[in-house]
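Take a look at the structure set out below.
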Amino acid sequence: MRLAIDTSGVDQALVVLDGRRQLAADDWVRDRTDPPVLVRLDAVVKRAGGKPDDIEGVVAARGPGSFTGLRVGLSLAAGLAYARHIPLYVADSLAILARRATGDPASVALRDAGRREVYAWREGEPARRLPVDELAGWLPAAARAIVEPAGSLATWVPGLAHLELPAGERRPLSAALLDSAIWTFDSQKPLRYDEVQALYVQPAAAEERRRKAP
Amino acid sequence: MIRSQDALHAPYGGVVPEIAARAHLQTLVPVIERALENAGTRWEQVDGVAVTRGPGLVGCLLVGVNLGQAIAWARKLPVIGVSHLAAHVFAGLLEEPDLRPPVLGLVVSGGHSDLIRWQEDGSIAVIGRTIDDAAGEAFDKGARILGLPFPGGPAIDALAATGDPRAVRFPRPRAPGLDFSFSGVKTALLYEVRKRTSISDQARADLAASYQEAIVDALLQRVEAAQAADPTPTIVLGGGVARNRRLREAARTRLGKAAHLVIPAPELCTDNAAMIGAAALIEWDRRGPDPAPFDADPSLGFT
Ligand SMILES: [Zn+2]
């Protein structure tokens with residue numbers, strides 16, 4: 001059995017799969033009072049009828065997303081992979097998010113980055129960080145956008161609210177994570193531990209300001 | 001096995017949290033691998049995992065806490081989360097395996113200046129703390145004023161060796177009770193530098209030595225006061241600033257007669273995982289392993 005972890009956003013999920021089949025999954029909404037993710041991980045593996053020794057591979061979302069969430073997910077994945085000598089993979093969080101659309105994946109995925117900025121991804125391009133004001137120029141005219149938190153596009157660019165997929169057309173994160181994990185295990189290369197890197201955890205501007213500080 | 005990020009942070013004149021956490025993610029597993037290798041140990045021979053639960057930078061703690069617990073979970077090992085601060089006291093155990101409470105401890109680092117009592121029931125009580133900068137911060141800021149590189153402590157220590165500690169009489173702190181304060185001496189150094197149009201190499205060394213003397217004196221004065229108020233058979237120094245040569249020397253002269261003085265080797269004073277192991281031994285005896293997964297606690301105290 002293999003394990004997939006996405007703790008990069010507000011919606012978080014764990015999936016245990018065997019080949020292409022889901023054995024168990026857990027979806028939850030991030031909350032400060034949550035128990036440690038390891039508690040959920042232990043429970044979901046048990047629900048799948050397995051134990052730590054049965055896990056043969058692990059994939060974790062690498063962002064862009066929450067600083068805390070990414071660290072938790074990637075550290076758990078790395079520790080598990082290392083302890084069990086099993087391959088470790090990462091997957092782009094926004095590519096996972098795009099797969100939450102029912103039917104075909106969404107062509108655009110947007111995630112709130114705070115301070116009137118968004119993480120923006122469209123098919124075939126790496127994710128980027130954009131000011132909300134630049135979204136209108138960046139969004140393709142016929143985009144099918146999936147947005148986290150849901151409904152945000154209306155507040156960011158009211159005129160383009162119709163491009164966001166309605167709530168009824170999104171699946172649980174675990175369903176998207178399952179698809180993404182299957183694709184990743186099938187077609188991607190495992191990482192070395194020193195290659196594990198979270199994306200967009202630091203606004204480049206802040207780093208630059210510090211560099212210039214006396 | 002210690003991997004230092006000092007070189008990574010040096011261009012910024014201090015630790016940059018986001019850079020620290022990013023590097024942790026990439027280096028932690030290779031560091032663990034190397035440590036096991038150096039110890040000639042295989043995972044099959046490991047009986048438990050100890051990890052720092054706090055205090056510290058949340059991004060860094062998250063990596064250690066989750067990675068350590070994931071390893072333990074995957075290998076069905078017990079795990080114990082310990083306080084980084086308490087570990088600076090317990091590092092004394094690496095020097096003296098028989099070290100037992102009651103102990104008076106001084107933990108001085110870039111983030112902390114704490115005077116503590118490790119009590120017979122195993123708990124640690126903070127009896128004095130800094131009301132502004134930590135001692136290590138005072139060294140870093142002083143070094144910057146003197147145009148010396150980061151980290152400032154070692155730079156001042158080195159330069160002070162050729163200076164006269166009596167050249168300038170810097171003010172000693174005025175915090176109440178057993179608390180510390182270093183902002184006054186830092187400001188005094190700044191004025192001292194500003195009132196000179198140029199500073200010769202010797203003058204710079206004199207300033208470094210005098211500044212260092214003021215900090216060391218302030219630290220030891222509080223330890224002496226605590227010892228006078230409630231004598232303890234053993235005194236332990238710990239934390240990165242306890243590497244300072246003048247502090248070590250002066251502590252031996254001033255405290256050595258009043259109590260048995262334990263100052264761990266310099267490499268055990270700076271942050272290291274051996275002290276986390278020492279803390280785990282002590283805490284394991286007291287309360288056993290943690291019964292359930294735990295989160296990082298950036299503001300954790302000594303227990
Ligand atoms: Zn420390």
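Naming works like this for the structure tokens: A, B, ... for the chains as they're shown, residue 1 at the start of each chain, ligands 1 onward in shown order.
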
How would you write, as a PyMOL selection string, the set of residues no farther than 10 Å from ligand 1 when counting only C-alpha atoms and all ligand atoms? chain B and resi 55-56+83-88+107-112+238-241+269-272+275

Chain B near chain A within 6 Å: what's each residue's closest atom pair and its distance in Å to one decimal, counting only C-alpha atoms, ordered by chain then ascending residue number, as CSV?
residue,atom,partner,partner_atom,distance
B:Tyr12,CA,A:Arg211,CA,5.7
B:Gln26,CA,A:Asp194,CA,4.2
B:Thr27,CA,A:Asp194,CA,5.9
B:Val63,CA,A:Ser75,CA,5.3
B:Asn66,CA,A:Leu76,CA,5.3
B:Leu67,CA,A:Gly79,CA,4.4
B:Ala70,CA,A:Gly79,CA,5.0
B:Ile71,CA,A:Gly79,CA,4.9
B:Ala74,CA,A:Pro52,CA,5.1
B:Asp295,CA,A:Pro36,CA,5.9

Okay, now the selection with N, CA and C atoms, as a PDB file, in the first residue's frame?
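Contents of selection.pdb, as written:
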ATOM      1  N   TYR B  12      22.922  37.912   6.214  1.00  0.00           N
ATOM      2  CA  TYR B  12      21.775  38.675   6.711  1.00  0.00           C
ATOM      3  C   TYR B  12      22.022  39.241   8.106  1.00  0.00           C
ATOM      4  N   GLN B  26      15.637  19.965   3.945  1.00  0.00           N
ATOM      5  CA  GLN B  26      16.551  19.281   3.032  1.00  0.00           C
ATOM      6  C   GLN B  26      17.705  18.600   3.737  1.00  0.00           C
ATOM      7  N   THR B  27      18.084  19.098   4.913  1.00  0.00           N
ATOM      8  CA  THR B  27      19.301  18.572   5.525  1.00  0.00           C
ATOM      9  C   THR B  27      19.048  17.565   6.641  1.00  0.00           C
ATOM     10  N   VAL B  63       9.606  20.715  11.435  1.00  0.00           N
ATOM     11  CA  VAL B  63      10.335  19.710  10.667  1.00  0.00           C
ATOM     12  C   VAL B  63      10.863  18.615  11.600  1.00  0.00           C
ATOM     13  N   ASN B  66       7.869  16.574  13.414  1.00  0.00           N
ATOM     14  CA  ASN B  66       7.112  15.673  12.538  1.00  0.00           C
ATOM     15  C   ASN B  66       7.992  14.592  11.934  1.00  0.00           C
ATOM     16  N   LEU B  67       9.193  14.974  11.532  1.00  0.00           N
ATOM     17  CA  LEU B  67      10.074  13.977  10.945  1.00  0.00           C
ATOM     18  C   LEU B  67      10.490  12.940  12.002  1.00  0.00           C
ATOM     19  N   ALA B  70       7.540  10.714  12.778  1.00  0.00           N
ATOM     20  CA  ALA B  70       7.226   9.820  11.662  1.00  0.00           C
ATOM     21  C   ALA B  70       8.187   8.633  11.645  1.00  0.00           C
ATOM     22  N   ILE B  71       9.446   8.914  11.897  1.00  0.00           N
ATOM     23  CA  ILE B  71      10.428   7.817  11.957  1.00  0.00           C
ATOM     24  C   ILE B  71      10.041   6.854  13.079  1.00  0.00           C
ATOM     25  N   ALA B  74       6.954   4.858  12.157  1.00  0.00           N
ATOM     26  CA  ALA B  74       7.219   3.860  11.122  1.00  0.00           C
ATOM     27  C   ALA B  74       8.055   2.702  11.649  1.00  0.00           C
ATOM     28  N   ASP B 295       2.487  18.173  19.030  1.00  0.00           N
ATOM     29  CA  ASP B 295       2.853  19.248  18.107  1.00  0.00           C
ATOM     30  C   ASP B 295       4.085  19.989  18.609  1.00  0.00           C
TER      31      ASP B 295
END

Which residues, written as a PyMOL selection string, have at least one atom at most 8 Å from Pro171 (chain B), with only C-alpha atoms counted and residues fewer than 6 positions away on the same chain left out? chain B and resi 184-185+188+214

Distance of CA of Val147 (chain A) from CA of Arg111 (chain A), expressed in Å to one decimal place: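 One can read the CA of Arg111 (chain A) to CA of Val147 (chain A) distance as 5.8 Å.
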
With a distance cut-off of 7 Å and only C-alpha atoms, select the neighbouring residues of Val103 (chain B), excluding the residue or stretch itself and same-chain residues fewer than 6 positions from it, and output the selection as number ranges by chain. B: 117-119, 232-236

Would you list the contacts of Arg100 (chain A) as number ranges by chain, taking every protein, DNA or RNA residue within 6 Å and counting only C-alpha atoms, but skipping same-chain residues closer than 3 positions in sequence? A: 97, 170-171, 176

Ala125 (chain B) surroundings by only C-alpha atoms, 10 Å radius, close-in-sequence under 5 positions cut, as a VMD selection string: chain B and resid 104 to 105 114 to 119 301 to 303

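Comparing the minimum interatomic distances between Ser113 (chain B) and each of B:Ile276, B:Ala155, B:Leu220, B:Leu61, counting only C-alpha atoms, we find that B:Leu220 sits nearest.
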
Fewer than 5 positions away in the same chain doesn't count, so skip those; otherwise give me all residues within 7 Å of region 132-144 of chain A, counting only C-alpha atoms, as an MDAnalysis selection string. chainID A and resid 106:108 116:118 156:157 163:165

When DSSP is applied to the backbone of this structure, which of region 245-282 of chain B are assigned alpha helix (DSSP H)? Write them out as a PyMOL selection string. chain B and resi 245-255+266-269+273-282

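The coordinates place CA of Leu300 (chain B) at 24.0 Å from CA of Arg243 (chain B).
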
Using 10 Å as the limit and counting only C-alpha atoms, can you tabulate each residue of region 82-119 of chain A that touches region 58-62 of chain A, with its shortest atom-to-atom distance in Å and the two atoms involved, as a tab-separated table?
residue	atom	partner	partner_atom	distance
A:Ile86	CA	A:Val58	CA	7.5
A:Pro87	CA	A:Val58	CA	6.6
A:Leu88	CA	A:Val58	CA	5.2
A:Tyr89	CA	A:Val59	CA	4.4
A:Val90	CA	A:Ala60	CA	4.9
A:Ala91	CA	A:Ala61	CA	4.8
A:Asp92	CA	A:Arg62	CA	5.7
A:Ser93	CA	A:Ala61	CA	5.2
A:Leu94	CA	A:Ala61	CA	9.0
A:Ala95	CA	A:Ala61	CA	9.5
A:Ile96	CA	A:Ala61	CA	8.1

Restricted to N, CA and C atoms, what would the selected residues look like written as an mmCIF file, in the first residue's frame?
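Contents of result16.cif, as written:
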data_model
loop_
_atom_site.group_PDB
_atom_site.id
_atom_site.type_symbol
_atom_site.label_atom_id
_atom_site.label_comp_id
_atom_site.auth_asym_id
_atom_site.auth_seq_id
_atom_site.Cartn_x
_atom_site.Cartn_y
_atom_site.Cartn_z
ATOM 1 N N ILE A 86 11.620 3.598 1.722
ATOM 2 C CA ILE A 86 10.693 3.526 0.593
ATOM 3 C C ILE A 86 10.789 4.823 -0.203
ATOM 4 N N PRO A 87 10.401 4.801 -1.486
ATOM 5 C CA PRO A 87 10.539 6.011 -2.300
ATOM 6 C C PRO A 87 9.621 7.150 -1.847
ATOM 7 N N LEU A 88 10.143 8.367 -1.996
ATOM 8 C CA LEU A 88 9.444 9.588 -1.589
ATOM 9 C C LEU A 88 9.202 10.451 -2.819
ATOM 10 N N TYR A 89 7.965 10.879 -2.998
ATOM 11 C CA TYR A 89 7.596 11.720 -4.138
ATOM 12 C C TYR A 89 6.964 13.010 -3.631
ATOM 13 N N VAL A 90 6.981 14.032 -4.488
ATOM 14 C CA VAL A 90 6.205 15.230 -4.175
ATOM 15 C C VAL A 90 5.299 15.540 -5.356
ATOM 16 N N ALA A 91 4.221 16.266 -5.061
ATOM 17 C CA ALA A 91 3.279 16.655 -6.110
ATOM 18 C C ALA A 91 2.914 18.124 -5.919
ATOM 19 N N ASP A 92 2.677 18.828 -7.027
ATOM 20 C CA ASP A 92 2.309 20.242 -6.940
ATOM 21 C C ASP A 92 0.905 20.392 -6.370
ATOM 22 N N SER A 93 0.789 21.221 -5.355
ATOM 23 C CA SER A 93 -0.500 21.371 -4.676
ATOM 24 C C SER A 93 -1.595 21.882 -5.603
ATOM 25 N N LEU A 94 -1.258 22.815 -6.494
ATOM 26 C CA LEU A 94 -2.295 23.391 -7.346
ATOM 27 C C LEU A 94 -2.713 22.426 -8.451
ATOM 28 N N ALA A 95 -1.815 21.543 -8.859
ATOM 29 C CA ALA A 95 -2.204 20.507 -9.817
ATOM 30 C C ALA A 95 -3.164 19.519 -9.143
ATOM 31 N N ILE A 96 -2.944 19.274 -7.856
ATOM 32 C CA ILE A 96 -3.887 18.437 -7.102
ATOM 33 C C ILE A 96 -5.223 19.154 -6.996
#

Quote the spacing between CA of Ala24 (chain A) and CA of Thr7 (chain A) in Å to one decimal place. 16.6 Å

For each of B:Arg169, B:Pro231, B:Ala259, B:Ala273, take the minimum atom-to-atom distance to Leu28 (chain B), counting only C-alpha atoms, then give the residue where this is smallest.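 Of the candidates, the smallest distance to Leu28 (chain B) is held by B:Ala273.
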
Nearest to Asp290 (chain B), restricted to only C-alpha atoms and choosing among B:Ala265, B:Leu57, B:Ala23, B:Ala72, comes out as B:Ala72

Looking only at strand (DSSP E) from DSSP on the backbone, list the matching residues of region 212-261 of chain B as number ranges by chain. B: 234-238, 260-261

Expected file contents, prior selection, all heavy atoms, as a tab-separated table (two decimals), in the first residue's frame:
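Listing of part.tsv after writing:
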chain	number	residue	atom	x	y	z
B	234	THR	N	25.74	22.51	43.24
B	234	THR	CA	26.26	22.45	41.87
B	234	THR	C	25.73	23.61	41.02
B	234	THR	O	24.54	23.95	41.10
B	234	THR	CB	25.85	21.12	41.19
B	234	THR	OG1	26.15	20.05	42.07
B	234	THR	CG2	26.57	20.93	39.88
B	235	ILE	N	26.61	24.16	40.21
B	235	ILE	CA	26.21	25.21	39.26
B	235	ILE	C	26.59	24.76	37.85
B	235	ILE	O	27.72	24.30	37.63
B	235	ILE	CB	26.89	26.56	39.58
B	235	ILE	CG1	26.48	27.06	40.97
B	235	ILE	CG2	26.55	27.61	38.52
B	235	ILE	CD1	27.19	28.33	41.41
B	236	VAL	N	25.64	24.86	36.93
B	236	VAL	CA	25.90	24.46	35.53
B	236	VAL	C	25.74	25.66	34.62
B	236	VAL	O	24.79	26.44	34.76
B	236	VAL	CB	24.91	23.35	35.08
B	236	VAL	CG1	25.11	23.03	33.60
B	236	VAL	CG2	25.07	22.10	35.91
B	237	LEU	N	26.67	25.82	33.69
B	237	LEU	CA	26.52	26.84	32.64
B	237	LEU	C	26.16	26.13	31.34
B	237	LEU	O	26.63	25.02	31.08
B	237	LEU	CB	27.81	27.63	32.42
B	237	LEU	CG	28.42	28.43	33.56
B	237	LEU	CD1	29.43	29.43	32.99
B	237	LEU	CD2	27.37	29.16	34.37
B	238	GLY	N	25.33	26.77	30.52
B	238	GLY	CA	24.99	26.17	29.23
B	238	GLY	C	24.53	27.22	28.25
B	238	GLY	O	24.31	28.38	28.61
B	260	HIS	N	30.27	23.30	43.20
B	260	HIS	CA	30.89	22.49	42.15
B	260	HIS	C	30.41	23.04	40.81
B	260	HIS	O	29.21	23.08	40.55
B	260	HIS	CB	30.48	21.03	42.34
B	260	HIS	CG	30.99	20.14	41.25
B	260	HIS	ND1	32.32	20.14	40.86
B	260	HIS	CD2	30.36	19.23	40.46
B	260	HIS	CE1	32.48	19.27	39.88
B	260	HIS	NE2	31.30	18.70	39.62
B	261	LEU	N	31.34	23.48	39.99
B	261	LEU	CA	30.98	24.17	38.76
B	261	LEU	C	31.12	23.24	37.55
B	261	LEU	O	32.16	22.63	37.36
B	261	LEU	CB	31.87	25.40	38.58
B	261	LEU	CG	31.59	26.31	37.39
B	261	LEU	CD1	30.22	26.96	37.51
B	261	LEU	CD2	32.68	27.36	37.27
